[in-house]
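J.: Next comes protein.csv, CSV, C-alpha atoms and all ligand atoms:
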```
chain,number,residue,atom,x,y,z
A,1,MET,CA,-1.9,-16.9,-203.0
A,2,ALA,CA,-1.5,-20.2,-201.4
A,3,ILE,CA,2.0,-19.4,-200.3
A,4,ILE,CA,1.0,-16.0,-198.9
A,5,TRP,CA,-1.7,-17.8,-197.0
A,6,SER,CA,0.9,-20.2,-195.7
A,7,LEU,CA,3.1,-17.5,-194.4
A,8,ARG,CA,0.3,-15.7,-192.7
A,9,ARG,CA,-0.8,-19.0,-191.1
A,10,ALA,CA,2.7,-19.7,-190.0
A,11,LYS,CA,2.9,-16.3,-188.2
A,12,GLN,CA,-0.1,-17.2,-186.1
A,13,VAL,CA,1.5,-20.4,-184.7
A,14,TRP,CA,3.2,-20.2,-181.4
A,15,LYS,CA,3.9,-23.7,-180.1
A,16,MET,CA,5.1,-24.0,-176.5
A,17,ASP,CA,4.7,-27.7,-175.8
A,18,GLY,CA,8.4,-28.6,-176.5
A,19,SER,CA,11.7,-26.9,-177.3
A,20,LEU,CA,10.7,-26.2,-180.9
A,21,ALA,CA,8.8,-23.0,-180.6
A,22,PHE,CA,9.8,-20.3,-183.1
A,23,LYS,CA,7.2,-17.8,-184.1
A,24,ASN,CA,6.8,-17.2,-187.8
A,25,ARG,CA,8.9,-20.2,-188.9
A,26,MET,CA,6.7,-23.2,-188.3
A,27,PHE,CA,4.8,-24.7,-191.1
A,28,SER,CA,2.1,-27.4,-191.2
A,29,TYR,CA,2.5,-30.5,-193.3
A,30,SER,CA,-0.1,-29.2,-195.7
A,31,ASP,CA,2.0,-26.1,-196.1
A,32,VAL,CA,5.0,-28.3,-196.9
A,33,VAL,CA,2.9,-30.2,-199.5
A,34,ARG,CA,2.0,-26.9,-201.1
A,35,ILE,CA,5.5,-25.5,-201.0
A,36,THR,CA,6.9,-28.6,-202.7
A,37,SER,CA,4.0,-28.9,-205.1
A,38,ASN,CA,3.3,-32.3,-203.6
A,39,PHE,CA,7.0,-33.3,-203.5
A,40,GLU,CA,7.2,-33.0,-207.2
A,41,ARG,CA,11.0,-32.4,-207.7
A,42,VAL,CA,13.7,-34.3,-205.8
A,43,ILE,CA,17.0,-32.4,-205.7
A,44,GLY,CA,19.0,-34.7,-203.5
A,45,LYS,CA,19.3,-37.2,-200.7
A,46,GLY,CA,21.2,-36.8,-197.4
A,47,GLY,CA,21.5,-38.0,-193.8
A,48,PHE,CA,18.0,-36.6,-193.0
A,49,GLY,CA,16.3,-38.1,-196.0
A,50,THR,CA,15.1,-36.8,-199.4
A,51,VAL,CA,15.5,-33.1,-200.3
A,52,TYR,CA,12.8,-31.5,-202.5
A,53,HIS,CA,12.7,-28.3,-204.5
A,54,GLY,CA,9.9,-25.8,-203.5
A,55,TYR,CA,8.7,-22.2,-203.6
A,56,LEU,CA,8.0,-20.1,-200.6
A,57,ASP,CA,6.6,-16.6,-201.4
A,58,GLU,CA,8.2,-16.8,-204.9
A,59,ASN,CA,11.6,-17.7,-203.4
A,60,GLN,CA,13.1,-21.1,-204.2
A,61,VAL,CA,13.6,-23.3,-201.2
A,62,ALA,CA,15.1,-26.7,-200.5
A,63,VAL,CA,12.9,-28.9,-198.3
A,64,LYS,CA,14.5,-31.7,-196.3
A,65,MET,CA,12.0,-34.3,-195.2
A,66,LEU,CA,13.2,-36.3,-192.2
A,67,SER,CA,12.8,-39.9,-193.2
A,68,PRO,CA,11.6,-42.4,-190.5
A,69,SER,CA,14.7,-44.5,-191.3
A,70,SER,CA,17.0,-41.5,-191.1
A,71,VAL,CA,20.4,-42.0,-189.6
A,72,GLN,CA,20.0,-38.6,-188.0
A,73,GLY,CA,17.0,-38.7,-185.7
A,74,TYR,CA,14.6,-36.3,-184.1
A,75,LYS,CA,17.2,-35.0,-181.7
A,76,GLN,CA,19.4,-34.0,-184.6
A,77,PHE,CA,16.4,-32.4,-186.3
A,78,GLN,CA,15.7,-30.4,-183.1
A,79,ALA,CA,19.3,-29.3,-182.7
A,80,GLU,CA,19.4,-28.1,-186.4
A,81,VAL,CA,16.2,-26.0,-185.9
A,82,GLU,CA,17.3,-24.6,-182.5
A,83,LEU,CA,20.7,-23.6,-183.7
A,84,LEU,CA,20.0,-22.4,-187.2
A,85,MET,CA,17.0,-20.3,-186.1
A,86,ARG,CA,19.3,-18.4,-183.8
A,87,VAL,CA,22.5,-18.3,-185.8
A,88,HIS,CA,22.8,-16.5,-189.1
A,89,HIS,CA,25.9,-16.1,-191.1
A,90,LYS,CA,26.7,-15.5,-194.8
A,91,ASN,CA,28.5,-18.9,-195.0
A,92,LEU,CA,25.6,-20.9,-193.5
A,93,THR,CA,22.6,-21.8,-195.5
A,94,THR,CA,19.7,-20.0,-193.9
A,95,LEU,CA,16.9,-22.1,-192.4
A,96,VAL,CA,13.7,-20.4,-193.4
A,97,GLY,CA,11.3,-22.7,-191.6
A,98,TYR,CA,10.5,-26.1,-190.4
A,99,CYS,CA,7.5,-28.5,-190.0
A,100,ASP,CA,7.1,-30.6,-186.9
A,101,GLU,CA,3.8,-32.3,-187.2
A,102,GLY,CA,3.7,-35.9,-185.8
A,103,THR,CA,5.8,-38.1,-188.0
A,104,ASN,CA,6.0,-35.3,-190.7
A,105,MET,CA,9.2,-33.4,-190.1
A,106,ALA,CA,10.8,-31.0,-192.5
A,107,LEU,CA,13.6,-28.5,-192.6
A,108,ILE,CA,13.1,-25.6,-195.1
A,109,TYR,CA,16.3,-23.9,-196.3
A,110,GLU,CA,17.1,-21.2,-198.8
A,111,PHE,CA,17.8,-22.7,-202.2
A,112,MET,CA,21.5,-23.0,-203.2
A,113,ALA,CA,21.3,-22.6,-207.0
A,114,ASN,CA,24.9,-23.4,-207.7
A,115,GLY,CA,24.8,-27.0,-206.5
A,116,ASN,CA,26.8,-28.7,-203.8
A,117,LEU,CA,30.5,-28.4,-203.2
A,118,GLN,CA,31.2,-32.0,-204.3
A,119,GLU,CA,29.9,-31.3,-207.8
A,120,HIS,CA,32.5,-28.5,-208.1
A,121,LEU,CA,35.4,-30.7,-206.9
A,122,LEU,CA,34.9,-33.6,-209.5
A,123,GLU,CA,37.6,-33.7,-212.1
A,124,ASP,CA,35.1,-33.8,-215.0
A,125,ALA,CA,33.0,-30.9,-213.6
A,126,SER,CA,32.6,-28.2,-216.2
A,127,ASN,CA,33.2,-25.5,-213.6
A,128,ILE,CA,35.8,-27.2,-211.4
A,129,LEU,CA,37.0,-25.1,-208.5
A,130,SER,CA,40.4,-23.5,-208.6
A,131,TRP,CA,42.7,-24.1,-205.6
A,132,GLU,CA,42.3,-20.5,-204.7
A,133,GLY,CA,38.5,-21.0,-204.7
A,134,ARG,CA,38.8,-24.2,-202.6
A,135,LEU,CA,41.0,-22.3,-200.0
A,136,GLN,CA,38.5,-19.4,-200.0
A,137,ILE,CA,35.6,-21.8,-199.3
A,138,ALA,CA,37.6,-23.7,-196.6
A,139,THR,CA,38.5,-20.4,-194.9
A,140,GLU,CA,34.9,-19.1,-195.1
A,141,ALA,CA,33.5,-22.4,-193.8
A,142,ALA,CA,35.9,-22.2,-190.9
A,143,GLN,CA,34.7,-18.6,-190.3
A,144,GLY,CA,31.1,-19.8,-190.3
A,145,LEU,CA,31.9,-22.6,-187.9
A,146,ASP,CA,33.7,-20.1,-185.7
A,147,SER,CA,30.7,-17.8,-185.7
A,148,MET,CA,28.4,-20.6,-184.9
A,149,LEU,CA,30.5,-21.8,-182.0
A,150,ALA,CA,30.8,-18.2,-180.8
A,151,LYS,CA,27.0,-17.8,-180.7
A,152,ALA,CA,26.2,-21.3,-179.6
A,153,ASP,CA,28.1,-21.1,-176.3
A,154,ILE,CA,30.9,-23.7,-176.5
A,155,ARG,CA,30.4,-24.5,-172.8
A,156,ASN,CA,27.2,-26.3,-173.7
A,157,ILE,CA,28.9,-28.4,-176.4
A,158,VAL,CA,32.3,-29.3,-175.0
A,159,ASP,CA,32.7,-30.0,-171.3
A,160,THR,CA,35.4,-27.8,-169.7
A,161,ARG,CA,36.8,-30.9,-168.1
A,162,LEU,CA,38.1,-31.9,-171.6
A,163,GLN,CA,40.4,-28.9,-171.5
A,164,GLY,CA,44.0,-29.2,-170.3
A,165,ASP,CA,46.1,-32.3,-170.3
A,166,LEU,CA,44.5,-35.4,-171.9
A,167,ASP,CA,45.0,-39.1,-171.7
A,168,ILE,CA,46.3,-40.3,-175.0
A,169,ASN,CA,43.5,-42.8,-175.4
A,170,SER,CA,40.7,-40.2,-174.9
A,171,GLY,CA,42.7,-37.8,-177.2
A,172,TRP,CA,42.6,-40.5,-180.0
A,173,LYS,CA,39.0,-41.2,-179.3
A,174,ALA,CA,38.1,-37.5,-179.7
A,175,VAL,CA,40.1,-37.4,-183.0
A,176,GLU,CA,38.3,-40.5,-184.3
A,177,ILE,CA,34.9,-38.9,-183.5
A,178,ALA,CA,36.0,-35.8,-185.4
A,179,MET,CA,37.2,-37.8,-188.4
A,180,ALA,CA,33.9,-39.7,-188.5
A,181,CYS,CA,32.1,-36.4,-188.5
A,182,VAL,CA,33.8,-35.3,-191.7
A,183,SER,CA,33.3,-38.7,-193.5
A,184,PRO,CA,32.4,-38.0,-197.1
A,185,THR,CA,29.6,-40.6,-196.8
A,186,SER,CA,26.7,-39.1,-194.8
A,187,THR,CA,25.6,-42.5,-193.5
A,188,LYS,CA,29.1,-43.0,-191.9
A,189,ARG,CA,28.8,-39.7,-190.0
A,190,PRO,CA,27.7,-40.1,-186.4
A,191,THR,CA,24.5,-38.5,-185.1
A,192,MET,CA,24.8,-35.8,-182.5
A,193,ASN,CA,23.7,-38.3,-179.9
A,194,GLN,CA,26.5,-40.7,-180.8
A,195,VAL,CA,29.0,-37.8,-180.6
A,196,VAL,CA,27.7,-36.9,-177.2
A,197,THR,CA,27.9,-40.6,-176.1
A,198,GLU,CA,31.5,-40.9,-177.4
A,199,LEU,CA,32.6,-37.6,-175.8
A,200,ASN,CA,31.1,-38.8,-172.5
A,201,GLU,CA,33.3,-41.9,-172.8
A,202,CYS,CA,36.3,-39.6,-173.3
A,203,LEU,CA,35.3,-37.9,-170.1
A,204,ALA,CA,34.9,-41.2,-168.3
A,205,ILE,CA,38.5,-42.1,-169.4
A,206,GLU,CA,39.8,-38.8,-168.1
A,207,ILE,CA,37.9,-39.1,-164.8
A,208,ALA,CA,39.2,-42.6,-164.4
A,209,ARG,CA,42.8,-41.5,-165.2
A,210,LYS,CA,42.6,-38.7,-162.6
A,211,LYS,CA,41.3,-41.2,-160.0
A,212,VAL,CA,44.0,-43.7,-160.9
A,213,GLY,CA,46.6,-40.9,-160.7
A,214,ASN,CA,45.3,-39.9,-157.3
A,215,ASP,CA,45.5,-43.6,-156.2
A,216,THR,CA,49.1,-43.7,-157.6
A,217,GLU,CA,48.4,-46.6,-159.8
A,218,SER,CA,49.5,-47.0,-163.5
A,219,LYS,CA,47.3,-45.1,-166.0
A,220,ASP,CA,48.2,-47.8,-168.6
A,221,SER,CA,45.6,-49.9,-167.0
A,222,ILE,CA,42.8,-47.8,-168.6
A,223,GLU,CA,41.5,-49.3,-171.8
A,224,LEU,CA,39.6,-47.6,-174.5
A,225,THR,CA,36.0,-48.6,-175.0
A,226,ASN,CA,35.3,-49.8,-178.5
A,227,SER,CA,34.3,-47.0,-180.9
A,228,ASP,CA,31.6,-47.7,-183.5
A,229,PHE,CA,33.3,-45.4,-186.0
A,230,HIS,CA,35.5,-47.2,-188.3
A,231,THR,CA,35.8,-44.9,-191.3
A,232,GLU,CA,38.5,-45.0,-193.8
A,233,LEU,CA,39.6,-41.7,-192.4
A,234,SER,CA,40.0,-42.8,-188.8
A,235,PRO,CA,43.5,-42.8,-187.5
A,236,LEU,CA,44.6,-46.4,-187.0
A,237,ALA,CA,47.8,-46.0,-185.0
A,238,ARG,CA,47.6,-45.7,-181.2
B,1,LIG,N1,19.7,-25.6,-199.5
B,1,LIG,C1,19.9,-26.4,-200.6
B,1,LIG,N2,19.8,-25.9,-201.8
B,1,LIG,C2,19.9,-26.7,-202.9
B,1,LIG,N3,20.2,-28.0,-202.8
B,1,LIG,C3,20.3,-28.6,-201.6
B,1,LIG,C4,20.1,-27.8,-200.4
B,1,LIG,N4,20.3,-28.6,-199.4
B,1,LIG,C5,20.5,-29.9,-199.9
B,1,LIG,N5,20.5,-29.8,-201.2
B,1,LIG,C6,20.7,-31.0,-202.1
B,1,LIG,O1,20.4,-32.2,-201.4
B,1,LIG,C7,21.6,-33.0,-201.3
B,1,LIG,C8,21.6,-33.6,-199.9
B,1,LIG,O2,21.7,-32.6,-199.0
B,1,LIG,P1,21.8,-32.9,-197.4
B,1,LIG,O3,22.2,-31.6,-196.8
B,1,LIG,O4,20.5,-33.5,-196.9
B,1,LIG,O5,22.9,-34.0,-197.3
B,1,LIG,P2,24.3,-34.1,-196.8
B,1,LIG,O6,25.1,-33.1,-197.5
B,1,LIG,O7,24.7,-35.5,-196.8
B,1,LIG,O8,24.2,-33.5,-195.3
B,1,LIG,P3,23.6,-34.1,-194.0
B,1,LIG,O9,24.5,-35.2,-193.5
B,1,LIG,O10,23.5,-32.9,-193.1
B,1,LIG,O11,22.2,-34.6,-194.3
B,1,LIG,C9,22.8,-32.1,-201.5
B,1,LIG,O12,23.9,-32.7,-202.0
B,1,LIG,C10,22.2,-31.1,-202.5
B,1,LIG,O13,22.3,-31.6,-203.8
```
The structure given in the file should be rewritten as structure tokens.

T.:
Amino acid sequence: MAIIWSLRRAKQVWKMDGSLAFKNRMFSYSDVVRITSNFERVIGKGGFGTVYHGYLDENQVAVKMLSPSSVQGYKQFQAEVELLMRVHHKNLTTLVGYCDEGTNMALIYEFMANGNLQEHLLEDASNILSWEGRLQIATEAAQGLDSMLAKADIRNIVDTRLQGDLDINSGWKAVEIAMACVSPTSTKRPTMNQVVTELNECLAIEIARKKVGNDTESKDSIELTNSDFHTELSPLAR
């Protein structure tokens, strides 16, 4: 009954004071407390914070609570809500709701009962994935990403000025950002804000290069700004 009440209540909410305004999907903090049975069962920990098990209308859900010390901040939280509320794909975990009540922020996803991918890649896993299975997942993940980019309007993500010929330094910088984004350790992955800042620096390099080219000076005089991403995956050679 409590959950049914929660759903009804959520449907009545229509928040227009910020960009997070999605009818039917917004839950109050007290709803979240009910859904998770007062944060009874922890199922994981990630870049946002702790993930709890819960029930929403008899369906299992995973509730990610944004921790105040989260490496991924409010902007990332907003981006996740805005994108996943619009984009639906069989290879993307469905976002069923969110809570944005003062310092209490939560993302509510459908529950993935088979665990995370890492658990199926470990050598001692009882149900270790075959290579065919891994390839299938990689292909489907790429399809999901492709679908997301198709619906999210790539022009809003990558500046068109990054297309075409690139300075080698800005090229490397972009690769370093990409490598940091796929770091296996969530705390080493950059936030969306850091990615945007770094890409802006790539742009600045390109703009400076074009200017130098126009001034017929050597482009070798352009130096890379220091990147904060020093993951074990980052390419070292320049
Ligand atoms: N939808 C879900 N269903 C079941 N378990 C989940 C779900 N989402 C997260 N988990 C569990 O919580 C753990 C942490 O997930 P989370 O997505 O927060 O971390 P992450 O994979 O490091 O990603 P991110 O950097 O986006 O936070 C996962 O490894 C998984 O065990």

J.: May I have the residues within 7 Å of ligand LIG 1 (chain B), computed using only C-alpha atoms and all ligand atoms, as a PyMOL selection string?

T.: chain A and resi 43-51+61-62+64+93+109-113+115-116+186

J.: For a test of reading the model, state the distance in Å between CA of Arg189 in chain A and CA of Tyr52 in chain A, rounded to one decimal.

T.: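 We find that CA of Arg189 in chain A and CA of Tyr52 in chain A lie 21.9 Å from each other.
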
J.: Would you mind reading off the distance between CA of His89 in chain A and CA of Ser37 in chain A, one decimal, in Å?

T.: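 CA of His89 in chain A sits 29.0 Å away from CA of Ser37 in chain A.
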
J.: Would you kindly return, as a ChimeraX atom specification, each protein, DNA or RNA residue with an atom no farther than 9 Å from any atom of Lys75 in chain A, considering all atoms listed in the file and excluding same-chain residues fewer than 5 positions away?

T.: /A:80,191-193

J.: Counting all atoms listed in the file, write as a PyMOL selection string all protein and nucleic acid residues lying at most 12 Å from (32.7, -35.3, -190.9) in the file's frame.

T.: chain A and resi 47+175-192+195+229+231-234

J.: Could you jot down the CA of Asp57 in chain A to CA of Arg41 in chain A separation for me, Å, one decimal place?

T.: 17.6 Å

J.: Which protein, DNA or RNA residues have an atom at most 7 Å from (10.3, -32.3, -201.9), counting only C-alpha atoms? List them as a PyMOL selection string.

T.: chain A and resi 36+39-42+51-54+63

J.: Once you have the residues from the selection above, write them out as a tab-separated table (two decimals), in the coordinates of the input, restricted to C-alpha atoms.

T.:
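Result saved to result_5.tsv:
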```
chain	number	residue	atom	x	y	z
A	36	THR	CA	6.90	-28.60	-202.70
A	39	PHE	CA	7.00	-33.30	-203.50
A	40	GLU	CA	7.20	-33.00	-207.20
A	41	ARG	CA	11.00	-32.40	-207.70
A	42	VAL	CA	13.70	-34.30	-205.80
A	51	VAL	CA	15.50	-33.10	-200.30
A	52	TYR	CA	12.80	-31.50	-202.50
A	53	HIS	CA	12.70	-28.30	-204.50
A	54	GLY	CA	9.90	-25.80	-203.50
A	63	VAL	CA	12.90	-28.90	-198.30
```

J.: Select, from A:Ile35, A:Ile108, A:Gln143, A:Asn114, the residue with the minimum atom-to-atom distance to Leu84 in chain A, counting all atoms listed in the file.

T.: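 Of the candidates, the smallest distance to Leu84 in chain A is held by A:Ile108.
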
J.: Using all atoms listed in the file for the distances, tell me which of A:Leu66, A:Leu56, A:Ala174, A:Ala125 is nearest to Val96 in chain A.

T.: A:Leu56

J.: For range 16-139 of chain A of the block above, can you save C-alpha atoms as a PDB file, in the first residue's frame?

T.:
```
ATOM      1  CA  MET A  16       9.495  23.448 -12.757  1.00  0.00           C
ATOM      2  CA  ASP A  17      12.057  25.316 -10.655  1.00  0.00           C
ATOM      3  CA  GLY A  18      15.063  23.715 -12.319  1.00  0.00           C
ATOM      4  CA  SER A  19      15.957  21.447 -15.173  1.00  0.00           C
ATOM      5  CA  LEU A  20      14.919  18.324 -13.274  1.00  0.00           C
ATOM      6  CA  ALA A  21      11.238  18.239 -13.989  1.00  0.00           C
ATOM      7  CA  PHE A  22       9.836  14.891 -15.048  1.00  0.00           C
ATOM      8  CA  LYS A  23       6.261  14.090 -14.244  1.00  0.00           C
ATOM      9  CA  ASN A  24       5.673  10.677 -12.644  1.00  0.00           C
ATOM     10  CA  ARG A  25       9.277   9.945 -11.818  1.00  0.00           C
ATOM     11  CA  MET A  26      10.140  12.201  -8.921  1.00  0.00           C
ATOM     12  CA  PHE A  27      10.074  10.751  -5.430  1.00  0.00           C
ATOM     13  CA  SER A  28      10.370  12.406  -2.063  1.00  0.00           C
ATOM     14  CA  TYR A  29      13.061  11.402   0.409  1.00  0.00           C
ATOM     15  CA  SER A  30      10.433   9.709   2.577  1.00  0.00           C
ATOM     16  CA  ASP A  31       9.426   7.652  -0.496  1.00  0.00           C
ATOM     17  CA  VAL A  32      13.068   6.610  -0.873  1.00  0.00           C
ATOM     18  CA  VAL A  33      13.219   5.610   2.794  1.00  0.00           C
ATOM     19  CA  ARG A  34      10.116   3.463   2.255  1.00  0.00           C
ATOM     20  CA  ILE A  35      11.334   1.985  -1.028  1.00  0.00           C
ATOM     21  CA  THR A  36      14.640   0.904   0.535  1.00  0.00           C
ATOM     22  CA  SER A  37      13.055  -0.149   3.867  1.00  0.00           C
ATOM     23  CA  ASN A  38      15.137   2.504   5.581  1.00  0.00           C
ATOM     24  CA  PHE A  39      18.296   1.658   3.597  1.00  0.00           C
ATOM     25  CA  GLU A  40      18.256  -1.875   4.916  1.00  0.00           C
ATOM     26  CA  ARG A  41      20.297  -3.683   2.253  1.00  0.00           C
ATOM     27  CA  VAL A  42      23.467  -2.340   0.655  1.00  0.00           C
ATOM     28  CA  ILE A  43      24.161  -3.926  -2.733  1.00  0.00           C
ATOM     29  CA  GLY A  44      27.176  -1.931  -3.874  1.00  0.00           C
ATOM     30  CA  LYS A  45      29.214   1.229  -3.872  1.00  0.00           C
ATOM     31  CA  GLY A  46      30.119   3.359  -6.885  1.00  0.00           C
ATOM     32  CA  GLY A  47      31.075   6.822  -8.046  1.00  0.00           C
ATOM     33  CA  PHE A  48      27.783   8.326  -6.813  1.00  0.00           C
ATOM     34  CA  GLY A  49      27.823   6.644  -3.432  1.00  0.00           C
ATOM     35  CA  THR A  50      26.126   3.655  -1.838  1.00  0.00           C
ATOM     36  CA  VAL A  51      23.604   1.573  -3.777  1.00  0.00           C
ATOM     37  CA  TYR A  52      20.658   0.038  -1.888  1.00  0.00           C
ATOM     38  CA  HIS A  53      18.165  -2.669  -2.738  1.00  0.00           C
ATOM     39  CA  GLY A  54      14.512  -1.700  -2.699  1.00  0.00           C
ATOM     40  CA  TYR A  55      10.999  -2.460  -3.899  1.00  0.00           C
ATOM     41  CA  LEU A  56       8.833  -0.179  -5.977  1.00  0.00           C
ATOM     42  CA  ASP A  57       5.351  -1.465  -6.685  1.00  0.00           C
ATOM     43  CA  GLU A  58       6.539  -5.060  -6.073  1.00  0.00           C
ATOM     44  CA  ASN A  59       9.399  -4.665  -8.518  1.00  0.00           C
ATOM     45  CA  GLN A  60      12.973  -4.818  -7.278  1.00  0.00           C
ATOM     46  CA  VAL A  61      14.963  -1.611  -7.735  1.00  0.00           C
ATOM     47  CA  ALA A  62      18.508  -0.398  -7.074  1.00  0.00           C
ATOM     48  CA  VAL A  63      18.650   2.977  -5.345  1.00  0.00           C
ATOM     49  CA  LYS A  64      21.860   4.993  -5.729  1.00  0.00           C
ATOM     50  CA  MET A  65      22.198   7.646  -3.044  1.00  0.00           C
ATOM     51  CA  LEU A  66      24.378  10.584  -4.049  1.00  0.00           C
ATOM     52  CA  SER A  67      26.911  10.929  -1.277  1.00  0.00           C
ATOM     53  CA  PRO A  68      27.988  14.476  -0.269  1.00  0.00           C
ATOM     54  CA  SER A  69      31.609  13.369  -0.823  1.00  0.00           C
ATOM     55  CA  SER A  70      30.745  11.876  -4.222  1.00  0.00           C
ATOM     56  CA  VAL A  71      33.383  12.262  -6.914  1.00  0.00           C
ATOM     57  CA  GLN A  72      30.459  12.695  -9.298  1.00  0.00           C
ATOM     58  CA  GLY A  73      28.591  15.795  -8.209  1.00  0.00           C
ATOM     59  CA  TYR A  74      25.156  17.287  -8.692  1.00  0.00           C
ATOM     60  CA  LYS A  75      25.788  18.180 -12.348  1.00  0.00           C
ATOM     61  CA  GLN A  76      26.510  14.533 -13.117  1.00  0.00           C
ATOM     62  CA  PHE A  77      23.368  13.545 -11.206  1.00  0.00           C
ATOM     63  CA  GLN A  78      21.322  16.014 -13.292  1.00  0.00           C
ATOM     64  CA  ALA A  79      22.892  14.784 -16.523  1.00  0.00           C
ATOM     65  CA  GLU A  80      22.088  11.156 -15.633  1.00  0.00           C
ATOM     66  CA  VAL A  81      18.448  11.992 -14.894  1.00  0.00           C
ATOM     67  CA  GLU A  82      17.948  14.186 -17.937  1.00  0.00           C
ATOM     68  CA  LEU A  83      19.476  11.679 -20.336  1.00  0.00           C
ATOM     69  CA  LEU A  84      18.119   8.417 -18.934  1.00  0.00           C
ATOM     70  CA  MET A  85      14.605   9.782 -18.575  1.00  0.00           C
ATOM     71  CA  ARG A  86      14.576  10.415 -22.323  1.00  0.00           C
ATOM     72  CA  VAL A  87      16.684   7.551 -23.641  1.00  0.00           C
ATOM     73  CA  HIS A  88      15.487   3.975 -23.357  1.00  0.00           C
ATOM     74  CA  HIS A  89      17.322   1.003 -24.809  1.00  0.00           C
ATOM     75  CA  LYS A  90      17.443  -2.705 -24.027  1.00  0.00           C
ATOM     76  CA  ASN A  91      21.147  -2.409 -23.234  1.00  0.00           C
ATOM     77  CA  LEU A  92      20.772   0.503 -20.829  1.00  0.00           C
ATOM     78  CA  THR A  93      19.585   0.020 -17.268  1.00  0.00           C
ATOM     79  CA  THR A  94      16.255   1.822 -17.007  1.00  0.00           C
ATOM     80  CA  LEU A  95      16.078   4.762 -14.643  1.00  0.00           C
ATOM     81  CA  VAL A  96      12.668   4.436 -13.029  1.00  0.00           C
ATOM     82  CA  GLY A  97      12.828   7.520 -10.860  1.00  0.00           C
ATOM     83  CA  TYR A  98      14.852   9.951  -8.835  1.00  0.00           C
ATOM     84  CA  CYS A  99      14.770  12.012  -5.669  1.00  0.00           C
ATOM     85  CA  ASP A 100      16.047  15.588  -5.605  1.00  0.00           C
ATOM     86  CA  GLU A 101      15.162  16.931  -2.200  1.00  0.00           C
ATOM     87  CA  GLY A 102      17.776  19.279  -0.750  1.00  0.00           C
ATOM     88  CA  THR A 103      20.866  17.267   0.105  1.00  0.00           C
ATOM     89  CA  ASN A 104      18.970  13.996  -0.400  1.00  0.00           C
ATOM     90  CA  MET A 105      19.523  12.902  -3.952  1.00  0.00           C
ATOM     91  CA  ALA A 106      18.859   9.426  -5.302  1.00  0.00           C
ATOM     92  CA  LEU A 107      18.680   7.631  -8.619  1.00  0.00           C
ATOM     93  CA  ILE A 108      16.293   4.661  -8.790  1.00  0.00           C
ATOM     94  CA  TYR A 109      17.066   2.004 -11.391  1.00  0.00           C
ATOM     95  CA  GLU A 110      15.528  -1.306 -12.373  1.00  0.00           C
ATOM     96  CA  PHE A 111      17.283  -4.068 -10.453  1.00  0.00           C
ATOM     97  CA  MET A 112      19.855  -6.113 -12.357  1.00  0.00           C
ATOM     98  CA  ALA A 113      19.520  -9.514 -10.724  1.00  0.00           C
ATOM     99  CA  ASN A 114      22.508 -11.145 -12.423  1.00  0.00           C
ATOM    100  CA  GLY A 115      25.103  -8.921 -10.790  1.00  0.00           C
ATOM    101  CA  ASN A 116      27.638  -6.673 -12.445  1.00  0.00           C
ATOM    102  CA  LEU A 117      29.884  -7.494 -15.384  1.00  0.00           C
ATOM    103  CA  GLN A 118      33.047  -7.543 -13.269  1.00  0.00           C
ATOM    104  CA  GLU A 119      31.693 -10.472 -11.261  1.00  0.00           C
ATOM    105  CA  HIS A 120      31.342 -12.496 -14.462  1.00  0.00           C
ATOM    106  CA  LEU A 121      34.854 -11.702 -15.685  1.00  0.00           C
ATOM    107  CA  LEU A 122      36.749 -12.911 -12.605  1.00  0.00           C
ATOM    108  CA  GLU A 123      38.640 -16.147 -13.167  1.00  0.00           C
ATOM    109  CA  ASP A 124      37.190 -17.817 -10.088  1.00  0.00           C
ATOM    110  CA  ALA A 125      33.609 -16.820 -10.931  1.00  0.00           C
ATOM    111  CA  SER A 126      31.303 -19.838 -11.035  1.00  0.00           C
ATOM    112  CA  ASN A 127      29.554 -18.547 -14.148  1.00  0.00           C
ATOM    113  CA  ILE A 128      32.493 -16.925 -15.944  1.00  0.00           C
ATOM    114  CA  LEU A 129      31.605 -15.413 -19.311  1.00  0.00           C
ATOM    115  CA  SER A 130      32.721 -17.091 -22.521  1.00  0.00           C
ATOM    116  CA  TRP A 131      34.590 -15.017 -25.082  1.00  0.00           C
ATOM    117  CA  GLU A 132      31.538 -15.157 -27.305  1.00  0.00           C
ATOM    118  CA  GLY A 133      29.488 -13.757 -24.414  1.00  0.00           C
ATOM    119  CA  ARG A 134      32.028 -10.980 -23.823  1.00  0.00           C
ATOM    120  CA  LEU A 135      31.985 -10.007 -27.489  1.00  0.00           C
ATOM    121  CA  GLN A 136      28.196 -10.045 -27.485  1.00  0.00           C
ATOM    122  CA  ILE A 137      28.116  -7.715 -24.467  1.00  0.00           C
ATOM    123  CA  ALA A 138      30.752  -5.392 -25.967  1.00  0.00           C
ATOM    124  CA  THR A 139      28.753  -5.207 -29.202  1.00  0.00           C
TER     125      THR A 139
END
```
